[in-house]
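Text of start04.cif (mmCIF, N, CA, C and O atoms) as supplied:
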data_data
#
loop_
_atom_site.group_PDB
_atom_site.id
_atom_site.type_symbol
_atom_site.label_atom_id
_atom_site.label_comp_id
_atom_site.auth_asym_id
_atom_site.auth_seq_id
_atom_site.Cartn_x
_atom_site.Cartn_y
_atom_site.Cartn_z
ATOM 1 N N MET A 1 100.898 90.287 84.327
ATOM 2 C CA MET A 1 100.236 90.391 85.614
ATOM 3 C C MET A 1 100.938 89.467 86.593
ATOM 4 O O MET A 1 101.333 88.363 86.247
ATOM 5 N N HIS A 2 101.084 89.924 87.803
ATOM 6 C CA HIS A 2 101.713 89.143 88.864
ATOM 7 C C HIS A 2 100.705 88.946 89.979
ATOM 8 O O HIS A 2 99.896 89.830 90.261
ATOM 9 N N ARG A 3 100.766 87.775 90.617
ATOM 10 C CA ARG A 3 99.879 87.480 91.741
ATOM 11 C C ARG A 3 100.736 87.117 92.940
ATOM 12 O O ARG A 3 101.698 86.352 92.814
ATOM 13 N N PHE A 4 100.385 87.657 94.101
ATOM 14 C CA PHE A 4 101.123 87.385 95.325
ATOM 15 C C PHE A 4 100.160 87.041 96.451
ATOM 16 O O PHE A 4 99.110 87.677 96.594
ATOM 17 N N LEU A 5 100.536 86.053 97.239
ATOM 18 C CA LEU A 5 99.770 85.720 98.427
ATOM 19 C C LEU A 5 99.878 86.878 99.418
ATOM 20 O O LEU A 5 100.952 87.455 99.605
ATOM 21 N N VAL A 6 98.766 87.224 100.041
ATOM 22 C CA VAL A 6 98.727 88.261 101.067
ATOM 23 C C VAL A 6 98.149 87.655 102.332
ATOM 24 O O VAL A 6 97.120 86.974 102.284
ATOM 25 N N VAL A 7 98.818 87.903 103.443
ATOM 26 C CA VAL A 7 98.339 87.460 104.747
ATOM 27 C C VAL A 7 97.817 88.689 105.480
ATOM 28 O O VAL A 7 98.530 89.684 105.607
ATOM 29 N N ILE A 8 96.567 88.625 105.921
ATOM 30 C CA ILE A 8 95.954 89.729 106.671
ATOM 31 C C ILE A 8 95.663 89.229 108.074
ATOM 32 O O ILE A 8 95.065 88.167 108.249
ATOM 33 N N GLU A 9 96.117 90.007 109.042
ATOM 34 C CA GLU A 9 95.943 89.631 110.445
ATOM 35 C C GLU A 9 95.201 90.729 111.189
ATOM 36 O O GLU A 9 95.429 91.912 110.957
ATOM 37 N N LYS A 10 94.331 90.314 112.095
ATOM 38 C CA LYS A 10 93.615 91.261 112.956
ATOM 39 C C LYS A 10 94.485 91.545 114.163
ATOM 40 O O LYS A 10 94.947 90.626 114.836
ATOM 41 N N ALA A 11 94.747 92.808 114.417
ATOM 42 C CA ALA A 11 95.470 93.227 115.617
ATOM 43 C C ALA A 11 94.437 93.751 116.616
ATOM 44 O O ALA A 11 93.241 93.559 116.425
ATOM 45 N N ASN A 12 94.886 94.403 117.659
ATOM 46 C CA ASN A 12 93.948 94.906 118.665
ATOM 47 C C ASN A 12 92.938 95.883 118.084
ATOM 48 O O ASN A 12 91.739 95.696 118.206
ATOM 49 N N ASP A 13 93.434 96.943 117.458
ATOM 50 C CA ASP A 13 92.548 98.000 116.970
ATOM 51 C C ASP A 13 92.634 98.227 115.469
ATOM 52 O O ASP A 13 92.104 99.211 114.968
ATOM 53 N N ASN A 14 93.351 97.369 114.760
ATOM 54 C CA ASN A 14 93.480 97.548 113.319
ATOM 55 C C ASN A 14 93.811 96.213 112.656
ATOM 56 O O ASN A 14 93.738 95.167 113.293
ATOM 57 N N TYR A 15 94.181 96.280 111.395
ATOM 58 C CA TYR A 15 94.588 95.107 110.633
ATOM 59 C C TYR A 15 95.970 95.360 110.056
ATOM 60 O O TYR A 15 96.329 96.507 109.785
ATOM 61 N N SER A 16 96.721 94.291 109.863
ATOM 62 C CA SER A 16 98.007 94.397 109.183
ATOM 63 C C SER A 16 98.059 93.348 108.088
ATOM 64 O O SER A 16 97.357 92.338 108.147
ATOM 65 N N ALA A 17 98.898 93.602 107.089
ATOM 66 C CA ALA A 17 99.001 92.684 105.957
ATOM 67 C C ALA A 17 100.428 92.658 105.452
ATOM 68 O O ALA A 17 101.157 93.646 105.552
ATOM 69 N N TYR A 18 100.813 91.512 104.897
ATOM 70 C CA TYR A 18 102.123 91.386 104.271
ATOM 71 C C TYR A 18 102.055 90.290 103.219
ATOM 72 O O TYR A 18 101.135 89.475 103.205
ATOM 73 N N SER A 19 103.054 90.304 102.349
ATOM 74 C CA SER A 19 103.172 89.256 101.344
ATOM 75 C C SER A 19 104.471 88.511 101.589
ATOM 76 O O SER A 19 105.546 89.115 101.547
ATOM 77 N N PRO A 20 104.408 87.207 101.875
ATOM 78 C CA PRO A 20 105.628 86.431 102.146
ATOM 79 C C PRO A 20 106.619 86.449 100.985
ATOM 80 O O PRO A 20 107.819 86.294 101.199
ATOM 81 N N ASP A 21 106.150 86.657 99.773
ATOM 82 C CA ASP A 21 107.031 86.660 98.605
ATOM 83 C C ASP A 21 107.677 88.007 98.333
ATOM 84 O O ASP A 21 108.533 88.118 97.459
ATOM 85 N N LEU A 22 107.275 89.036 99.076
ATOM 86 C CA LEU A 22 107.826 90.376 98.904
ATOM 87 C C LEU A 22 108.295 90.903 100.261
ATOM 88 O O LEU A 22 107.605 91.693 100.907
ATOM 89 N N PRO A 23 109.449 90.461 100.726
ATOM 90 C CA PRO A 23 109.930 90.879 102.051
ATOM 91 C C PRO A 23 109.935 92.405 102.199
ATOM 92 O O PRO A 23 110.358 93.129 101.299
ATOM 93 N N GLY A 24 109.412 92.857 103.322
ATOM 94 C CA GLY A 24 109.359 94.283 103.613
ATOM 95 C C GLY A 24 108.144 94.992 103.059
ATOM 96 O O GLY A 24 107.930 96.168 103.347
ATOM 97 N N CYS A 25 107.337 94.309 102.291
ATOM 98 C CA CYS A 25 106.140 94.922 101.722
ATOM 99 C C CYS A 25 104.986 94.660 102.684
ATOM 100 O O CYS A 25 104.446 93.553 102.740
ATOM 101 N N ILE A 26 104.627 95.693 103.435
ATOM 102 C CA ILE A 26 103.613 95.562 104.479
ATOM 103 C C ILE A 26 102.630 96.722 104.398
ATOM 104 O O ILE A 26 102.902 97.726 103.746
ATOM 105 N N ALA A 27 101.512 96.576 105.081
ATOM 106 C CA ALA A 27 100.524 97.650 105.152
ATOM 107 C C ALA A 27 99.671 97.452 106.396
ATOM 108 O O ALA A 27 99.590 96.353 106.939
ATOM 109 N N THR A 28 99.032 98.527 106.818
ATOM 110 C CA THR A 28 98.076 98.464 107.926
ATOM 111 C C THR A 28 96.817 99.208 107.512
ATOM 112 O O THR A 28 96.808 99.941 106.523
ATOM 113 N N GLY A 29 95.761 99.027 108.289
ATOM 114 C CA GLY A 29 94.517 99.745 108.032
ATOM 115 C C GLY A 29 93.581 99.606 109.203
ATOM 116 O O GLY A 29 93.641 98.632 109.950
ATOM 117 N N ALA A 30 92.715 100.577 109.365
ATOM 118 C CA ALA A 30 91.757 100.562 110.466
ATOM 119 C C ALA A 30 90.706 99.481 110.285
ATOM 120 O O ALA A 30 90.202 98.924 111.258
ATOM 121 N N THR A 31 90.378 99.170 109.028
ATOM 122 C CA THR A 31 89.379 98.146 108.735
ATOM 123 C C THR A 31 89.975 97.132 107.765
ATOM 124 O O THR A 31 91.022 97.376 107.158
ATOM 125 N N PHE A 32 89.266 96.023 107.592
ATOM 126 C CA PHE A 32 89.707 95.015 106.630
ATOM 127 C C PHE A 32 89.800 95.623 105.229
ATOM 128 O O PHE A 32 90.768 95.396 104.496
ATOM 129 N N GLU A 33 88.807 96.419 104.869
ATOM 130 C CA GLU A 33 88.791 97.048 103.549
ATOM 131 C C GLU A 33 89.969 98.005 103.385
ATOM 132 O O GLU A 33 90.574 98.080 102.314
ATOM 133 N N ASP A 34 90.291 98.745 104.453
ATOM 134 C CA ASP A 34 91.429 99.668 104.400
ATOM 135 C C ASP A 34 92.741 98.916 104.165
ATOM 136 O O ASP A 34 93.537 99.302 103.316
ATOM 137 N N VAL A 35 92.961 97.868 104.931
ATOM 138 C CA VAL A 35 94.228 97.150 104.791
ATOM 139 C C VAL A 35 94.301 96.436 103.449
ATOM 140 O O VAL A 35 95.368 96.333 102.845
ATOM 141 N N GLU A 36 93.182 95.964 102.961
ATOM 142 C CA GLU A 36 93.155 95.306 101.656
ATOM 143 C C GLU A 36 93.562 96.300 100.556
ATOM 144 O O GLU A 36 94.375 95.984 99.685
ATOM 145 N N ARG A 37 93.019 97.496 100.622
ATOM 146 C CA ARG A 37 93.369 98.536 99.650
ATOM 147 C C ARG A 37 94.829 98.955 99.814
ATOM 148 O O ARG A 37 95.572 99.093 98.840
ATOM 149 N N ASN A 38 95.268 99.108 101.060
ATOM 150 C CA ASN A 38 96.628 99.566 101.328
ATOM 151 C C ASN A 38 97.679 98.549 100.901
ATOM 152 O O ASN A 38 98.735 98.928 100.389
ATOM 153 N N ILE A 39 97.434 97.261 101.110
ATOM 154 C CA ILE A 39 98.422 96.259 100.702
ATOM 155 C C ILE A 39 98.458 96.155 99.182
ATOM 156 O O ILE A 39 99.521 95.945 98.594
ATOM 157 N N TYR A 40 97.326 96.328 98.529
ATOM 158 C CA TYR A 40 97.322 96.355 97.059
ATOM 159 C C TYR A 40 98.231 97.479 96.562
ATOM 160 O O TYR A 40 99.077 97.274 95.686
ATOM 161 N N GLU A 41 98.058 98.669 97.131
ATOM 162 C CA GLU A 41 98.876 99.816 96.729
ATOM 163 C C GLU A 41 100.344 99.594 97.068
ATOM 164 O O GLU A 41 101.228 99.956 96.284
ATOM 165 N N ALA A 42 100.622 98.986 98.227
ATOM 166 C CA ALA A 42 102.009 98.717 98.619
ATOM 167 C C ALA A 42 102.663 97.738 97.651
ATOM 168 O O ALA A 42 103.821 97.936 97.245
ATOM 169 N N ILE A 43 101.951 96.699 97.268
ATOM 170 C CA ILE A 43 102.502 95.722 96.324
ATOM 171 C C ILE A 43 102.708 96.373 94.965
ATOM 172 O O ILE A 43 103.741 96.166 94.316
ATOM 173 N N GLU A 44 101.756 97.156 94.536
ATOM 174 C CA GLU A 44 101.877 97.849 93.257
ATOM 175 C C GLU A 44 103.117 98.742 93.240
ATOM 176 O O GLU A 44 103.911 98.707 92.293
ATOM 177 N N LEU A 45 103.326 99.524 94.283
ATOM 178 C CA LEU A 45 104.501 100.392 94.378
ATOM 179 C C LEU A 45 105.787 99.576 94.443
ATOM 180 O O LEU A 45 106.799 99.939 93.828
ATOM 181 N N HIS A 46 105.754 98.485 95.189
ATOM 182 C CA HIS A 46 106.926 97.620 95.323
ATOM 183 C C HIS A 46 107.335 97.061 93.960
ATOM 184 O O HIS A 46 108.512 97.111 93.578
ATOM 185 N N VAL A 47 106.378 96.535 93.227
ATOM 186 C CA VAL A 47 106.661 95.948 91.913
ATOM 187 C C VAL A 47 107.143 97.028 90.937
ATOM 188 O O VAL A 47 108.118 96.812 90.205
ATOM 189 N N HIS A 48 106.507 98.196 90.931
ATOM 190 C CA HIS A 48 106.950 99.276 90.054
ATOM 191 C C HIS A 48 108.378 99.706 90.397
ATOM 192 O O HIS A 48 109.175 99.992 89.496
ATOM 193 N N GLY A 49 108.700 99.741 91.688
ATOM 194 C CA GLY A 49 110.058 100.083 92.105
ATOM 195 C C GLY A 49 111.080 99.070 91.620
ATOM 196 O O GLY A 49 112.173 99.441 91.170
ATOM 197 N N LEU A 50 110.731 97.789 91.714
ATOM 198 C CA LEU A 50 111.629 96.754 91.207
ATOM 199 C C LEU A 50 111.856 96.927 89.705
ATOM 200 O O LEU A 50 112.993 96.826 89.223
ATOM 201 N N LEU A 51 110.794 97.192 88.962
ATOM 202 C CA LEU A 51 110.911 97.387 87.516
ATOM 203 C C LEU A 51 111.776 98.603 87.188
ATOM 204 O O LEU A 51 112.630 98.539 86.301
ATOM 205 N N GLU A 52 111.569 99.701 87.910
ATOM 206 C CA GLU A 52 112.361 100.911 87.680
ATOM 207 C C GLU A 52 113.833 100.683 87.955
ATOM 208 O O GLU A 52 114.697 101.282 87.303
ATOM 209 N N ASP A 53 114.131 99.826 88.925
ATOM 210 C CA ASP A 53 115.522 99.535 89.282
ATOM 211 C C ASP A 53 116.099 98.364 88.485
ATOM 212 O O ASP A 53 117.201 97.905 88.769
ATOM 213 N N ASN A 54 115.339 97.897 87.499
ATOM 214 C CA ASN A 54 115.758 96.753 86.675
ATOM 215 C C ASN A 54 116.078 95.512 87.510
ATOM 216 O O ASN A 54 117.018 94.775 87.208
ATOM 217 N N LEU A 55 115.301 95.304 88.548
ATOM 218 C CA LEU A 55 115.453 94.127 89.398
ATOM 219 C C LEU A 55 114.363 93.119 89.066
ATOM 220 O O LEU A 55 113.272 93.506 88.624
ATOM 221 N N PRO A 56 114.647 91.852 89.281
ATOM 222 C CA PRO A 56 113.627 90.844 88.959
ATOM 223 C C PRO A 56 112.451 90.900 89.929
ATOM 224 O O PRO A 56 112.613 91.197 91.114
ATOM 225 N N ILE A 57 111.294 90.606 89.414
ATOM 226 C CA ILE A 57 110.106 90.480 90.250
ATOM 227 C C ILE A 57 110.080 89.041 90.747
ATOM 228 O O ILE A 57 110.126 88.106 89.941
ATOM 229 N N PRO A 58 110.038 88.836 92.061
ATOM 230 C CA PRO A 58 110.081 87.469 92.592
ATOM 231 C C PRO A 58 108.900 86.627 92.121
ATOM 232 O O PRO A 58 107.794 87.140 91.947
ATOM 233 N N ASP A 59 109.173 85.364 91.901
ATOM 234 C CA ASP A 59 108.092 84.429 91.626
ATOM 235 C C ASP A 59 107.284 84.237 92.900
ATOM 236 O O ASP A 59 107.837 84.248 94.006
ATOM 237 N N SER A 60 106.008 84.073 92.755
ATOM 238 C CA SER A 60 105.153 83.789 93.897
ATOM 239 C C SER A 60 105.233 82.297 94.195
ATOM 240 O O SER A 60 104.807 81.470 93.393
ATOM 241 N N THR A 61 105.840 81.966 95.330
ATOM 242 C CA THR A 61 106.006 80.566 95.698
ATOM 243 C C THR A 61 105.246 80.198 96.955
ATOM 244 O O THR A 61 105.212 79.038 97.341
ATOM 245 N N SER A 62 104.646 81.175 97.611
ATOM 246 C CA SER A 62 103.915 80.929 98.846
ATOM 247 C C SER A 62 102.498 80.471 98.549
ATOM 248 O O SER A 62 101.923 80.793 97.504
ATOM 249 N N PHE A 63 101.929 79.735 99.490
ATOM 250 C CA PHE A 63 100.534 79.335 99.394
ATOM 251 C C PHE A 63 99.989 79.231 100.803
ATOM 252 O O PHE A 63 100.732 79.206 101.777
ATOM 253 N N ALA A 64 98.684 79.187 100.927
ATOM 254 C CA ALA A 64 98.045 79.086 102.241
ATOM 255 C C ALA A 64 96.999 77.999 102.202
ATOM 256 O O ALA A 64 96.415 77.711 101.156
ATOM 257 N N GLN A 65 96.782 77.431 103.351
ATOM 258 C CA GLN A 65 95.794 76.369 103.471
ATOM 259 C C GLN A 65 95.341 76.286 104.927
ATOM 260 O O GLN A 65 96.137 76.436 105.843
ATOM 261 N N TYR A 66 94.067 76.093 105.110
ATOM 262 C CA TYR A 66 93.554 75.854 106.457
ATOM 263 C C TYR A 66 93.691 74.379 106.773
ATOM 264 O O TYR A 66 93.463 73.528 105.922
ATOM 265 N N ILE A 67 94.048 74.081 108.011
ATOM 266 C CA ILE A 67 94.137 72.713 108.486
ATOM 267 C C ILE A 67 93.114 72.545 109.604
ATOM 268 O O ILE A 67 93.120 73.297 110.584
ATOM 269 N N ALA A 68 92.230 71.584 109.464
ATOM 270 C CA ALA A 68 91.230 71.321 110.493
ATOM 271 C C ALA A 68 91.791 70.288 111.463
ATOM 272 O O ALA A 68 92.330 69.260 111.068
ATOM 273 N N VAL A 69 91.686 70.593 112.753
ATOM 274 C CA VAL A 69 92.168 69.703 113.796
ATOM 275 C C VAL A 69 90.988 69.357 114.699
ATOM 276 O O VAL A 69 90.243 70.232 115.133
ATOM 277 N N HIS A 70 90.823 68.060 114.983
ATOM 278 C CA HIS A 70 89.703 67.611 115.807
ATOM 279 C C HIS A 70 90.148 67.373 117.240
ATOM 280 O O HIS A 70 91.191 67.000 117.554
#
When written as structure tokens, how does the structure in this file appear?
Amino acid sequence: MHRFLVVIEKANDNYSAYSPDLPGCIATGATFEDVERNIYEAIELHVHGLLEDNLPIPDSTSFAQYIAVH
């Protein structure tokens, strides 16, 4: 099993998502639930494609953290 950080951003009329550890692996959706499902499928396809091409699956090195500023 592989785990990847996903960043989801709210745009004007939809949501977009990407994984910093998988360049080019992106998704969009009309709702948060849509984009969450779509990025899961995009990552799944991306990883399967890497395996089919005998390419290494990148290590997940990204992390996220909120910073509170006063």
Please identify the strand (DSSP E) residues within chain A (assignment by DSSP from backbone atoms) and present them as a PyMOL selection string. chain A and resi 7-10+15-18+26-29
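Atom pair atom O of Thr31 in chain A / atom N of His46 in chain A has a distance of 19.0 Å (rounded to one decimal).
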With only C-alpha atoms as the counted atoms, please give the residues lying no more than 12 Å from Ile57 in chain A, apart from itself and same-chain residues fewer than 4 positions off, as a list in words. Met1, His2, Arg3, Phe4, Asp21, Leu22, Pro23, Ile43, Glu44, His46, Val47, His48, Gly49, Leu50, Leu51, Glu52 and Asp53 of chain A
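From atom O of Ser62 in chain A back to CA of Val7 in chain A, the distance works out to 10.5 Å.
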I'd like to see the residues matched by the PyMOL selection byres ((chain A and resi 18) around 4.5) on this file, and ideally I'd get them as a ChimeraX atom specification. /A:5-7,17,19-20,25-26
Atoms to include: N, CA, C and O atoms. Write the selected residues as a PDB file, keeping the file's coordinate frame.
ATOM      1  N   LEU A   5     100.536  86.053  97.239  1.00  0.00           N
ATOM      2  CA  LEU A   5      99.770  85.720  98.427  1.00  0.00           C
ATOM      3  C   LEU A   5      99.878  86.878  99.418  1.00  0.00           C
ATOM      4  O   LEU A   5     100.952  87.455  99.605  1.00  0.00           O
ATOM      5  N   VAL A   6      98.766  87.224 100.041  1.00  0.00           N
ATOM      6  CA  VAL A   6      98.727  88.261 101.067  1.00  0.00           C
ATOM      7  C   VAL A   6      98.149  87.655 102.332  1.00  0.00           C
ATOM      8  O   VAL A   6      97.120  86.974 102.284  1.00  0.00           O
ATOM      9  N   VAL A   7      98.818  87.903 103.443  1.00  0.00           N
ATOM     10  CA  VAL A   7      98.339  87.460 104.747  1.00  0.00           C
ATOM     11  C   VAL A   7      97.817  88.689 105.480  1.00  0.00           C
ATOM     12  O   VAL A   7      98.530  89.684 105.607  1.00  0.00           O
ATOM     13  N   ALA A  17      98.898  93.602 107.089  1.00  0.00           N
ATOM     14  CA  ALA A  17      99.001  92.684 105.957  1.00  0.00           C
ATOM     15  C   ALA A  17     100.428  92.658 105.452  1.00  0.00           C
ATOM     16  O   ALA A  17     101.157  93.646 105.552  1.00  0.00           O
ATOM     17  N   SER A  19     103.054  90.304 102.349  1.00  0.00           N
ATOM     18  CA  SER A  19     103.172  89.256 101.344  1.00  0.00           C
ATOM     19  C   SER A  19     104.471  88.511 101.589  1.00  0.00           C
ATOM     20  O   SER A  19     105.546  89.115 101.547  1.00  0.00           O
ATOM     21  N   PRO A  20     104.408  87.207 101.875  1.00  0.00           N
ATOM     22  CA  PRO A  20     105.628  86.431 102.146  1.00  0.00           C
ATOM     23  C   PRO A  20     106.619  86.449 100.985  1.00  0.00           C
ATOM     24  O   PRO A  20     107.819  86.294 101.199  1.00  0.00           O
ATOM     25  N   CYS A  25     107.337  94.309 102.291  1.00  0.00           N
ATOM     26  CA  CYS A  25     106.140  94.922 101.722  1.00  0.00           C
ATOM     27  C   CYS A  25     104.986  94.660 102.684  1.00  0.00           C
ATOM     28  O   CYS A  25     104.446  93.553 102.740  1.00  0.00           O
ATOM     29  N   ILE A  26     104.627  95.693 103.435  1.00  0.00           N
ATOM     30  CA  ILE A  26     103.613  95.562 104.479  1.00  0.00           C
ATOM     31  C   ILE A  26     102.630  96.722 104.398  1.00  0.00           C
ATOM     32  O   ILE A  26     102.902  97.726 103.746  1.00  0.00           O
TER      33      ILE A  26
END
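One distance worth recording is that between atom C of Asp13 in chain A and CA of Glu33 in chain A, which is 12.6 Å.
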Padding 5 Å on each side, edges along x, y and z: where is the centre of the box around the listed atoms of range 52-68 of chain A, and how long are its edges in Å to one decimal? Output it as JSON.
{"center_x": 104.2, "center_y": 85.3, "center_z": 99.1, "size_x": 36.0, "size_y": 42.0, "size_z": 34.8}
What would the selection look like, as a VMD selection string, if the PyMOL selection byres (((chain A and resi 10 and name CA) around 10) and name CA) were run on the coordinates I just shared? chain A and resid 8 to 9 11 to 17 28 to 32
Considering only alpha helix (DSSP H) as DSSP defines it on the backbone, what residues of chain A qualify? List them as number ranges by chain. A: 32-52
